[in-house]
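J.: Sending over data19.txt (compact mmCIF, C-alpha atoms and all ligand atoms).
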```txt
# COMPACT_ATOMS: atom_id res chain seq x y z
CA MET A 1 18.20 -15.06 12.30
CA ILE A 2 19.46 -11.96 10.52
CA TYR A 3 16.80 -11.02 8.01
CA LEU A 4 18.19 -9.32 4.92
CA ASP A 5 15.38 -10.26 2.56
CA HIS A 6 13.02 -7.29 2.93
CA ASN A 7 12.49 -7.05 -0.84
CA SER A 8 10.83 -10.45 -0.72
CA THR A 9 8.58 -9.39 2.13
CA SER A 10 9.01 -7.24 5.20
CA PRO A 11 8.06 -8.20 8.75
CA ILE A 12 4.84 -6.43 9.68
CA ASP A 13 5.15 -3.41 12.02
CA PRO A 14 3.57 -4.20 15.43
CA ARG A 15 1.63 -0.90 15.25
CA VAL A 16 0.09 -2.09 11.99
CA VAL A 17 -0.89 -5.40 13.61
CA GLU A 18 -2.58 -3.35 16.33
CA THR A 19 -4.51 -1.31 13.73
CA ILE A 20 -5.63 -4.41 11.86
CA THR A 21 -6.71 -6.13 15.07
CA THR A 22 -8.60 -3.07 16.32
CA THR A 23 -10.31 -2.63 12.95
CA LEU A 24 -11.31 -6.29 12.89
CA LYS A 25 -12.65 -6.02 16.43
CA GLU A 26 -14.64 -2.94 15.51
CA GLY A 27 -16.53 -5.33 13.29
CA TYR A 28 -16.73 -3.44 10.00
CA LEU A 29 -19.12 -5.36 7.80
CA ASN A 30 -19.57 -5.41 4.05
CA PRO A 31 -18.97 -1.90 2.67
CA ALA A 32 -21.40 -2.68 -0.17
CA SER A 33 -24.35 -3.39 2.16
CA GLN A 34 -27.19 -0.87 2.18
CA HIS A 35 -27.82 -0.97 5.92
CA ARG A 36 -26.21 1.35 8.44
CA ALA A 37 -23.50 -1.18 9.36
CA GLY A 38 -22.51 -1.35 5.69
CA GLN A 39 -22.58 2.42 5.32
CA ARG A 40 -20.26 2.74 8.32
CA ALA A 41 -17.80 0.33 6.68
CA ARG A 42 -18.06 2.22 3.38
CA LYS A 43 -17.36 5.54 5.11
CA GLN A 44 -14.28 4.11 6.82
CA LEU A 45 -13.05 2.53 3.58
CA GLU A 46 -13.43 5.80 1.67
CA THR A 47 -11.65 7.73 4.44
CA LEU A 48 -8.74 5.28 4.18
CA ARG A 49 -8.78 5.50 0.38
CA ASN A 50 -8.56 9.30 0.51
CA SER A 51 -5.77 9.26 3.04
CA THR A 52 -3.81 6.70 0.97
CA LEU A 53 -4.30 8.76 -2.20
CA LYS A 54 -3.00 11.88 -0.43
CA MET A 55 0.05 10.12 0.95
CA LEU A 56 0.94 8.95 -2.56
CA GLY A 57 0.65 12.49 -3.90
CA ALA A 58 -2.53 11.80 -5.86
CA GLN A 59 -5.47 14.18 -6.28
CA THR A 60 -8.55 13.54 -4.17
CA GLN A 61 -10.78 16.47 -5.07
CA GLY A 62 -13.04 17.50 -7.93
CA MET A 63 -12.70 16.81 -11.62
CA SER A 64 -9.03 15.94 -11.38
CA ALA A 65 -9.44 13.32 -8.64
CA ASP A 66 -7.32 10.24 -9.27
CA THR A 67 -8.63 6.71 -8.70
CA LEU A 68 -7.27 4.17 -6.26
CA LEU A 69 -8.35 0.56 -6.69
CA PHE A 70 -7.58 -1.74 -3.79
CA THR A 71 -6.26 -5.11 -4.93
CA SER A 72 -4.76 -8.23 -3.37
CA GLY A 73 -1.19 -6.96 -3.93
CA GLY A 74 1.44 -6.09 -6.47
CA THR A 75 0.89 -9.09 -8.72
CA GLU A 76 -2.79 -8.33 -9.14
CA SER A 77 -2.19 -4.58 -9.58
CA ASN A 78 0.35 -5.25 -12.34
CA ASN A 79 -1.98 -7.74 -14.06
CA LEU A 80 -4.91 -5.34 -13.83
CA ALA A 81 -2.80 -2.49 -15.19
CA LEU A 82 -1.44 -4.37 -18.20
CA LEU A 83 -4.44 -6.49 -19.11
CA GLY A 84 -6.98 -3.84 -18.13
CA LEU A 85 -5.35 -0.90 -19.91
CA ALA A 86 -4.57 -2.96 -23.01
CA ALA A 87 -8.18 -4.18 -23.21
CA GLN A 88 -9.34 -0.60 -22.74
CA SER A 89 -7.19 0.47 -25.69
CA VAL A 90 -8.92 -2.08 -27.93
CA ALA A 91 -12.34 -0.96 -26.70
CA SER A 92 -11.56 2.67 -27.58
CA SER A 93 -9.36 2.40 -30.67
CA ASP A 94 -11.83 2.51 -33.58
CA ASN A 95 -11.32 -1.11 -34.59
CA LYS A 96 -7.57 -0.82 -34.72
CA GLY A 97 -7.30 -4.06 -32.71
CA PRO A 98 -4.49 -5.02 -30.36
CA GLY A 99 -1.47 -2.73 -30.59
CA GLU A 100 2.05 -2.71 -29.22
CA VAL A 101 2.97 -2.99 -25.53
CA PHE A 102 6.45 -1.99 -24.36
CA ILE A 103 7.99 -3.43 -21.22
CA SER A 104 11.54 -3.30 -19.94
CA SER A 105 13.62 -6.46 -19.90
CA ILE A 106 14.02 -6.25 -16.09
CA GLU A 107 10.34 -6.23 -15.07
CA HIS A 108 8.98 -8.39 -12.25
CA PRO A 109 7.52 -11.77 -13.33
CA SER A 110 4.00 -10.39 -12.70
CA VAL A 111 4.51 -7.82 -15.47
CA VAL A 112 6.34 -10.26 -17.76
CA GLY A 113 3.59 -12.87 -17.29
CA ALA A 114 0.81 -10.36 -17.96
CA ALA A 115 2.66 -9.19 -21.09
CA GLN A 116 2.92 -12.82 -22.26
CA ALA A 117 -0.84 -13.18 -21.77
CA LEU A 118 -1.30 -10.05 -23.90
CA SER A 119 0.85 -11.47 -26.67
CA ARG A 120 -1.41 -14.55 -26.71
CA GLN A 121 -4.30 -12.12 -27.27
CA GLY A 122 -2.59 -10.66 -30.34
CA PHE A 123 -0.74 -7.70 -28.81
CA VAL A 124 2.86 -7.27 -29.90
CA VAL A 125 5.14 -7.12 -26.87
CA VAL A 126 8.40 -5.22 -27.24
CA ASN A 127 11.18 -5.77 -24.69
CA LEU A 128 13.28 -2.70 -23.98
CA PRO A 129 17.00 -3.18 -23.35
CA VAL A 130 18.89 -2.00 -20.27
CA ASP A 131 22.52 -0.95 -19.95
CA GLN A 132 25.22 -2.72 -17.88
CA ASN A 133 23.92 -0.99 -14.76
CA GLY A 134 20.37 -2.15 -15.38
CA VAL A 135 18.95 1.22 -16.46
CA VAL A 136 16.30 1.12 -19.18
CA SER A 137 17.30 2.84 -22.39
CA VAL A 138 15.07 5.89 -22.92
CA GLU A 139 16.63 6.26 -26.35
CA ALA A 140 15.59 2.75 -27.39
CA LEU A 141 12.07 3.41 -26.16
CA GLY A 142 11.95 6.65 -28.16
CA GLN A 143 13.08 4.86 -31.32
CA ARG A 144 10.66 1.97 -30.87
CA LEU A 145 7.75 4.31 -30.16
CA ALA A 146 8.57 6.36 -33.24
CA GLN A 147 8.49 3.19 -35.39
CA SER A 148 5.30 1.83 -33.87
CA ALA A 149 2.08 2.00 -35.86
CA HIS A 150 -0.16 1.43 -32.86
CA PRO A 151 1.54 1.89 -29.47
CA VAL A 152 -0.88 1.39 -26.58
CA LEU A 153 1.04 0.95 -23.37
CA VAL A 154 4.50 1.25 -21.80
CA SER A 155 5.28 -0.47 -18.48
CA VAL A 156 8.58 0.30 -16.77
CA MET A 157 9.19 -0.20 -13.06
CA MET A 158 10.23 2.66 -10.73
CA ALA A 159 13.10 0.60 -9.31
CA ASN A 160 14.22 -2.97 -9.76
CA ASN A 161 13.55 -5.55 -7.06
CA GLU A 162 16.85 -7.42 -7.58
CA THR A 163 19.35 -4.59 -7.98
CA GLY A 164 17.44 -1.61 -6.56
CA VAL A 165 18.38 0.33 -9.70
CA ILE A 166 16.14 3.37 -10.19
CA GLN A 167 14.61 3.86 -13.63
CA PRO A 168 14.29 7.17 -15.54
CA ILE A 169 10.51 7.35 -15.15
CA ARG A 170 10.20 11.13 -15.49
CA GLU A 171 11.97 11.06 -18.87
CA ILE A 172 9.92 8.06 -19.96
CA ALA A 173 6.75 9.86 -18.88
CA ASP A 174 7.65 12.87 -21.04
CA LEU A 175 8.27 10.59 -23.99
CA CYS A 176 4.97 8.78 -23.49
CA LYS A 177 3.09 12.05 -23.19
CA ASN A 178 4.59 13.32 -26.46
CA THR A 179 3.70 10.05 -28.21
CA ASP A 180 0.26 9.84 -26.61
CA VAL A 181 0.81 6.40 -25.14
CA LEU A 182 -0.17 5.28 -21.63
CA LEU A 183 2.53 4.65 -19.02
CA HIS A 184 2.25 2.21 -16.12
CA THR A 185 4.90 1.88 -13.44
CA ASP A 186 5.43 -0.88 -10.88
CA ALA A 187 6.35 1.07 -7.75
CA VAL A 188 6.21 -1.95 -5.46
CA GLN A 189 9.80 -1.62 -4.24
CA TRP A 190 9.78 2.17 -4.14
CA VAL A 191 6.72 3.05 -2.07
CA GLY A 192 7.61 3.23 1.61
CA LYS A 193 11.34 3.64 0.90
CA LEU A 194 11.58 6.97 -0.94
CA PRO A 195 9.10 9.87 -1.24
CA ILE A 196 6.53 9.48 -3.98
CA ASP A 197 4.44 12.10 -5.75
CA PHE A 198 2.04 10.49 -8.21
CA GLY A 199 0.94 13.89 -9.57
CA GLN A 200 4.50 15.00 -10.34
CA LEU A 201 5.66 11.67 -11.70
CA GLY A 202 3.59 11.95 -14.87
CA VAL A 203 2.59 8.28 -15.09
CA ASP A 204 -0.94 7.12 -15.84
CA ALA A 205 -1.02 4.09 -13.55
CA MET A 206 1.06 2.90 -10.60
CA SER A 207 1.12 -0.40 -8.68
CA PHE A 208 2.12 -0.85 -5.05
CA THR A 209 1.72 -3.44 -2.32
CA ALA A 210 1.55 -3.26 1.48
CA HIS A 211 3.81 -6.14 2.48
CA LYS A 212 6.99 -4.54 1.15
CA LEU A 213 6.55 -1.64 3.57
CA GLN A 214 5.87 -3.41 6.87
CA GLY A 215 2.18 -3.74 6.04
CA PRO A 216 0.04 -6.87 5.75
CA ARG A 217 0.37 -9.37 2.91
CA GLY A 218 -2.65 -9.73 0.62
CA VAL A 219 -3.45 -6.07 -0.05
CA GLY A 220 -2.15 -3.49 -2.49
CA GLY A 221 -3.34 -0.84 -4.86
CA LEU A 222 -3.47 0.37 -8.43
CA LEU A 223 -3.52 4.15 -8.83
CA LEU A 224 -5.07 5.51 -12.00
CA ARG A 225 -4.70 9.07 -13.24
CA HIS A 226 -7.96 11.02 -13.22
CA GLY A 227 -10.29 10.10 -16.03
CA LEU A 228 -8.54 6.80 -16.76
CA THR A 229 -10.39 3.49 -16.44
CA VAL A 230 -9.36 -0.15 -16.86
CA GLU A 231 -11.34 -3.08 -18.17
CA PRO A 232 -11.80 -5.54 -15.28
CA ILE A 233 -9.93 -8.84 -15.10
CA LEU A 234 -12.33 -10.16 -12.45
CA PHE A 235 -16.07 -10.20 -12.94
CA GLY A 236 -18.87 -10.14 -10.43
CA GLY A 237 -20.03 -7.25 -8.29
CA PHE A 238 -20.01 -3.53 -8.84
CA GLN A 239 -17.44 -2.74 -6.14
CA GLN A 240 -14.78 -0.19 -7.06
CA MET A 241 -16.80 0.89 -10.10
CA ALA A 242 -16.78 -2.74 -11.32
CA MET A 243 -13.13 -2.29 -12.30
CA ARG A 244 -12.10 -4.47 -9.36
CA PRO A 245 -15.17 -6.26 -8.02
CA GLY A 246 -15.10 -8.21 -4.76
CA THR A 247 -15.83 -7.30 -1.13
CA GLU A 248 -13.17 -4.93 0.18
CA ASP A 249 -11.39 -5.78 3.45
CA VAL A 250 -11.46 -2.67 5.64
CA ALA A 251 -8.97 -4.12 8.14
CA LEU A 252 -6.30 -4.91 5.53
CA VAL A 253 -6.76 -1.50 3.91
CA ALA A 254 -6.44 0.13 7.35
CA GLY A 255 -3.22 -1.83 7.90
CA MET A 256 -1.82 -0.70 4.56
CA GLU A 257 -2.77 2.93 5.22
CA HIS A 258 -1.09 2.84 8.62
CA ALA A 259 2.09 1.24 7.24
CA LEU A 260 2.26 4.00 4.64
CA ARG A 261 1.70 6.67 7.31
CA ILE A 262 4.51 5.25 9.45
CA ALA A 263 6.84 5.20 6.43
CA ASN A 264 5.93 8.80 5.53
CA GLU A 265 6.59 10.01 9.06
CA ASP A 266 9.90 8.15 9.38
CA ASN A 267 11.93 11.02 7.94
CA ASP A 268 15.38 9.49 8.05
CA ARG A 269 14.35 5.99 6.94
CA ALA A 270 16.08 6.17 3.55
CA ALA A 271 19.24 7.74 5.00
CA ARG A 272 19.39 5.16 7.79
CA MET A 273 19.05 2.23 5.41
CA SER A 274 21.45 3.54 2.77
CA GLN A 275 24.10 4.33 5.38
CA ARG A 276 23.92 0.71 6.64
CA ARG A 277 23.72 -0.76 3.13
CA ASP A 278 26.77 1.26 2.04
CA ARG A 279 28.74 0.16 5.11
CA LEU A 280 27.80 -3.47 4.46
CA GLU A 281 29.06 -3.18 0.89
CA LYS A 282 32.25 -1.37 1.87
CA GLU A 283 33.22 -3.77 4.64
CA LEU A 284 32.53 -6.80 2.46
CA PHE A 285 34.51 -5.29 -0.38
CA ASP A 286 37.48 -4.69 1.96
CA LEU A 287 37.40 -8.40 2.84
CA GLN A 288 36.57 -9.69 -0.65
CA PRO A 289 38.10 -7.32 -3.23
CA ASN A 290 36.82 -9.48 -6.11
CA MET A 291 33.26 -8.75 -5.07
CA VAL A 292 31.17 -6.86 -7.62
CA ILE A 293 28.26 -4.58 -6.72
CA ASN A 294 25.77 -4.96 -9.56
CA GLY A 295 24.19 -1.69 -10.67
CA GLN A 296 26.62 0.31 -8.54
CA GLN A 297 27.13 3.10 -11.09
CA ALA A 298 23.41 3.85 -11.22
CA ALA A 299 21.13 5.53 -8.68
CA ARG A 300 19.76 2.79 -6.42
CA LEU A 301 17.09 2.33 -3.78
CA PRO A 302 18.58 2.89 -0.32
CA HIS A 303 18.13 -0.63 1.00
CA THR A 304 19.01 -3.03 -1.83
CA SER A 305 22.37 -4.56 -2.62
CA ASN A 306 23.06 -7.07 -5.38
CA LEU A 307 26.50 -8.59 -4.90
CA SER A 308 28.46 -11.09 -6.96
CA PHE A 309 31.29 -13.21 -5.66
CA PRO A 310 32.95 -14.66 -8.77
CA GLY A 311 33.82 -18.32 -8.32
CA ILE A 312 30.95 -19.20 -5.99
CA ASP A 313 27.54 -20.66 -6.78
CA ARG A 314 24.54 -18.65 -5.57
CA GLN A 315 22.49 -21.73 -4.67
CA ALA A 316 25.31 -23.09 -2.50
CA PHE A 317 25.57 -19.65 -0.91
CA LEU A 318 21.85 -19.61 -0.10
CA LEU A 319 21.99 -23.00 1.58
CA ALA A 320 25.05 -22.04 3.62
CA ALA A 321 23.49 -18.70 4.57
CA ASP A 322 20.39 -20.45 5.84
CA MET A 323 22.52 -22.79 7.94
CA ASN A 324 24.23 -19.67 9.32
CA ASP A 325 20.94 -18.00 10.28
CA LEU A 326 21.17 -15.43 7.54
CA ALA A 327 18.11 -14.89 5.33
CA VAL A 328 19.04 -13.54 1.90
CA SER A 329 17.93 -14.38 -1.62
CA THR A 330 19.17 -14.79 -5.15
CA GLY A 331 16.58 -12.57 -6.76
CA SER A 332 12.82 -12.33 -7.09
CA ALA A 333 11.05 -14.54 -4.54
CA CYS A 334 8.57 -15.35 -7.30
CA ALA A 335 11.39 -16.96 -9.26
CA SER A 336 13.28 -18.48 -6.35
CA GLY A 337 13.20 -22.19 -5.99
CA SER A 338 14.29 -22.27 -9.60
CA SER A 339 18.00 -22.40 -10.23
CA GLU A 340 17.57 -20.48 -13.47
CA PRO A 341 19.93 -17.51 -13.80
CA SER A 342 18.37 -14.14 -13.01
CA PRO A 343 16.74 -12.64 -16.14
CA VAL A 344 17.50 -9.20 -14.69
CA LEU A 345 21.26 -9.80 -14.48
CA MET A 346 21.17 -11.56 -17.87
CA ALA A 347 19.47 -8.49 -19.39
CA MET A 348 22.35 -6.42 -17.97
CA LYS A 349 24.66 -8.69 -20.03
CA LEU A 350 26.85 -9.53 -17.02
CA SER A 351 29.34 -12.35 -17.36
CA ASP A 352 28.39 -15.93 -16.39
CA ASP A 353 30.64 -15.81 -13.35
CA ILE A 354 28.92 -12.68 -12.06
CA VAL A 355 25.42 -14.05 -12.67
CA ARG A 356 26.28 -17.42 -11.15
CA GLY A 357 27.68 -15.90 -7.96
CA SER A 358 25.07 -13.21 -7.30
CA ILE A 359 23.06 -12.72 -4.13
CA ARG A 360 20.56 -10.08 -3.10
CA LEU A 361 20.65 -8.41 0.30
CA SER A 362 17.77 -6.13 1.22
CA LEU A 363 17.55 -4.16 4.44
CA GLY A 364 14.53 -2.81 6.25
CA PRO A 365 13.91 0.20 8.48
CA THR A 366 14.48 -2.01 11.51
CA THR A 367 17.84 -3.45 10.40
CA THR A 368 20.42 -2.60 13.08
CA ASP A 369 24.13 -1.81 12.99
CA ALA A 370 24.80 -4.96 15.03
CA GLU A 371 23.02 -7.04 12.36
CA ILE A 372 25.17 -5.46 9.67
CA ASP A 373 28.33 -6.27 11.67
CA GLN A 374 27.23 -9.89 12.01
CA ALA A 375 26.11 -10.15 8.37
CA VAL A 376 29.57 -9.03 7.20
CA ILE A 377 31.23 -11.73 9.34
CA ARG A 378 28.86 -14.48 8.20
CA ILE A 379 28.89 -13.57 4.50
CA ASN A 380 32.68 -13.38 4.46
CA ARG A 381 32.95 -16.76 6.19
CA ILE A 382 30.54 -18.39 3.74
CA VAL A 383 32.33 -16.94 0.71
CA GLU A 384 35.72 -18.09 2.06
CA ASN A 385 34.34 -21.61 2.53
CA LEU A 386 32.78 -21.75 -0.94
CA LEU A 387 35.66 -20.33 -2.93
CA PRO A 388 37.59 -23.06 -4.75
C1 LIG B 401 8.85 -5.16 -8.28
C2 LIG B 401 7.77 -6.07 -7.80
N1 LIG B 401 6.57 -6.06 -8.39
C3 LIG B 401 5.57 -6.85 -7.99
C4 LIG B 401 5.72 -7.72 -6.94
C5 LIG B 401 4.57 -8.60 -6.53
O1 LIG B 401 3.94 -8.11 -5.38
P1 LIG B 401 3.02 -9.07 -4.48
O2 LIG B 401 3.94 -9.99 -3.76
O3 LIG B 401 2.30 -8.12 -3.55
O4 LIG B 401 2.09 -9.78 -5.38
C6 LIG B 401 6.96 -7.80 -6.30
C7 LIG B 401 7.17 -8.76 -5.20
O5 LIG B 401 8.20 -9.42 -5.13
C8 LIG B 401 8.00 -6.95 -6.73
O6 LIG B 401 9.21 -6.97 -6.15
```
Kindly transcribe the structure held in the file into structure tokens.
Ligand SMILES: Cc1ncc(COP(=O)(O)O)c(C=O)c1O
T.:
Amino acid sequence: MIYLDHNSTSPIDPRVVETITTTLKEGYLNPASQHRAGQRARKQLETLRNSTLKMLGAQTQGMSADTLLFTSGGTESNNLALLGLAAQSVASSDNKGPGEVFISSIEHPSVVGAAQALSRQGFVVVNLPVDQNGVVSVEALGQRLAQSAHPVLVSVMMANNETGVIQPIREIADLCKNTDVLLHTDAVQWVGKLPIDFGQLGVDAMSFTAHKLQGPRGVGGLLLRHGLTVEPILFGGFQQMAMRPGTEDVALVAGMEHALRIANEDNDRAARMSQRRDRLEKELFDLQPNMVINGQQAARLPHTSNLSFPGIDRQAFLLAADMNDLAVSTGSACASGSSEPSPVLMAMKLSDDIVRGSIRLSLGPTTTDAEIDQAVIRINRIVENLLP
């Protein structure tokens, strides 16, 4: 099986499995317990938290220390960011009530769903348009913010999971700072692929998850700029300052920290993946000149390729690919299984033919040249068979 679906999840690195197993065997108990065994777990958890914060470019010391909440993954981090920051704005807004929340029209379903929940609570959700390459319009955000009576939160992803298109977060951060509105970014597809510096980025909150970077599934994080708090969406204990109660899993956190460390030390990871991704695109284009690379004119993540073959049906392609031992997808795994057209490509206003015939290929750090060679042969064969 050639696995080109790393954006859906990435196979865990064997070194990370080793770390998780060792940590489990070391028998860390409940970090919230008062006894020595609990204190030992707490110390280990806090060491891992500090190391993770540092690797993400966040502050760990003194008054300006940023906060890292461990969560169950990207979906929870995004929900906690949107629901928790929006609720916080109501709590601190002198009876102004629910305000306006701005999200881009290419966000992951976990952001879209959380925004829908906010609209049911009385918040007004504004969808920001993207251009034909899938880049969010900073100008539209500026105009909408200027018109807004009570803006509370902007959420725009670092890079899109379907196209890999990188978003202008630094510019958006400047805009949000000038307008005094909080900015959250979903960095799930970015972290582990390209360098990240939370301090420099200028965002207030950032979501990430371990399983997109060869870490374990079921653990992720929400980074909060120093001084910022969220209202909880889960209730119970006092863990993680009661913002995210629940017993922390030291072994999963250790696995995530190790996966991040491996990614940080793998200096040519991005170059390796983009060189293979670019070759895959070029060789396929030479064979299928009608092929369209969606988002090609924009800056993209190094490992993601969204291709359209006009005249073919993406669901038929998926089935044929599976029969040919090629794992690819048609978009967000959270939306797969549905044959609905991709909301991301629809937001880019691409033609029906392009949307209908689109597939997503996503490479990982372990993808080899031989796999790319084989993928080109298999994809070309499938397309030839499916074309009318
Ligand atoms: C951009 C983006 N955000 C959030 C998520 C959800 O992350 P998780 O699977 O850890 O809940 C995904 C996963 O597909 C994603 O691609």
J.: Would you please work out which residue, of A:His184, A:Arg120, A:Arg279, A:Arg217, is nearest to ligand LIG 401 (chain B) when using all atoms listed in the file?
T.: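 Answer, going by the shortest atom-to-atom distance: A:Arg217.
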J.: Looking at A:Gly218, A:Gly113, A:Pro365, A:Gly202, which one is nearest to Thr71 in chain A, with distances taken over only C-alpha atoms?
T.: A:Gly218
J.: Which residues are near ligand LIG 401 (chain B) in this structure, taking near to mean any atom at most 10 Å from a ligand atom and counting all atoms listed in the file? Format them as an NGL selection string.
T.: :A and (6-9 or 71-79 or 106-111 or 157-162 or 164 or 185-190 or 207-212 or 216-221 or 331-335)
J.: Residues of range 321-384 of chain A within 12 Å of range 191-201 of chain A: nearest atom pair and distance (Å, one decimal) for each, counting all atoms listed in the file, sorted by chain and number, as a Markdown table?
T.:
```
| residue | atom | partner | partner_atom | distance |
| --- | --- | --- | --- | --- |
| A:Ser362 | CA | A:Lys193 | CA | 11.7 |
| A:Leu363 | CA | A:Lys193 | CA | 10.6 |
| A:Gly364 | CA | A:Lys193 | CA | 9.0 |
| A:Pro365 | CA | A:Lys193 | CA | 8.7 |
```
J.: Which of these, A:Leu326, A:Lys25, A:Glu265, A:Val124, has the shortest distance to Glu371 in chain A once you count all atoms listed in the file?
T.: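 Smallest distance to Glu371 in chain A is found for A:Leu326.
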J.: For the point (-13.4, -4.6, -9.0) in the file's frame, write as an MDAnalysis selection string all residues with an atom no more than 9 Å away, counting all atoms listed in the file.
T.: chainID A and resid 69:71 232:247
J.: Determine the nearest neighbour of Val112 in chain A from the options A:Leu82, A:Leu224, A:Ala91, A:Pro310, counting only C-alpha atoms.
T.: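 Of A:Leu82, A:Leu224, A:Ala91, A:Pro310, the one nearest Val112 in chain A is A:Leu82, counting only C-alpha atoms.
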J.: Can you pull out the residues contacting Ile354 in chain A? Cut-off 12 Å, using all atoms listed in the file, and skip same-chain residues under 3 positions away; I want them as a VMD selection string.
T.: chain A and resid 290 to 294 306 to 314 341 to 342 345 to 346 348 to 351 357 to 359
J.: Using only C-alpha atoms, pick whichever of A:Arg49, A:Arg276, A:Lys96, A:Arg261 has the shortest atom-to-atom distance to Gly215 in chain A.
T.: A:Arg261
J.: From the list A:Asn30, A:Thr304, A:Asn95, A:Asn324, which residue is nearest Glu281 in chain A when using all atoms listed in the file?
T.: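 The closest residue to Glu281 in chain A is A:Thr304.
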J.: In Å to one decimal, how far is CA of Val165 in chain A from CA of Arg356 in chain A?
T.: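 According to the coordinates, CA of Arg356 in chain A and CA of Val165 in chain A are separated by 19.5 Å.
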J.: Between CA of Ser137 in chain A and CA of Val101 in chain A, what is the distance in Å, rounded to a tenth?
T.: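 That distance, rounded to one decimal, is 15.8 Å.
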J.: CA of Met55 in chain A and CA of Arg15 in chain A are how many Å apart?
T.: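 It comes out at 18.1 Å.
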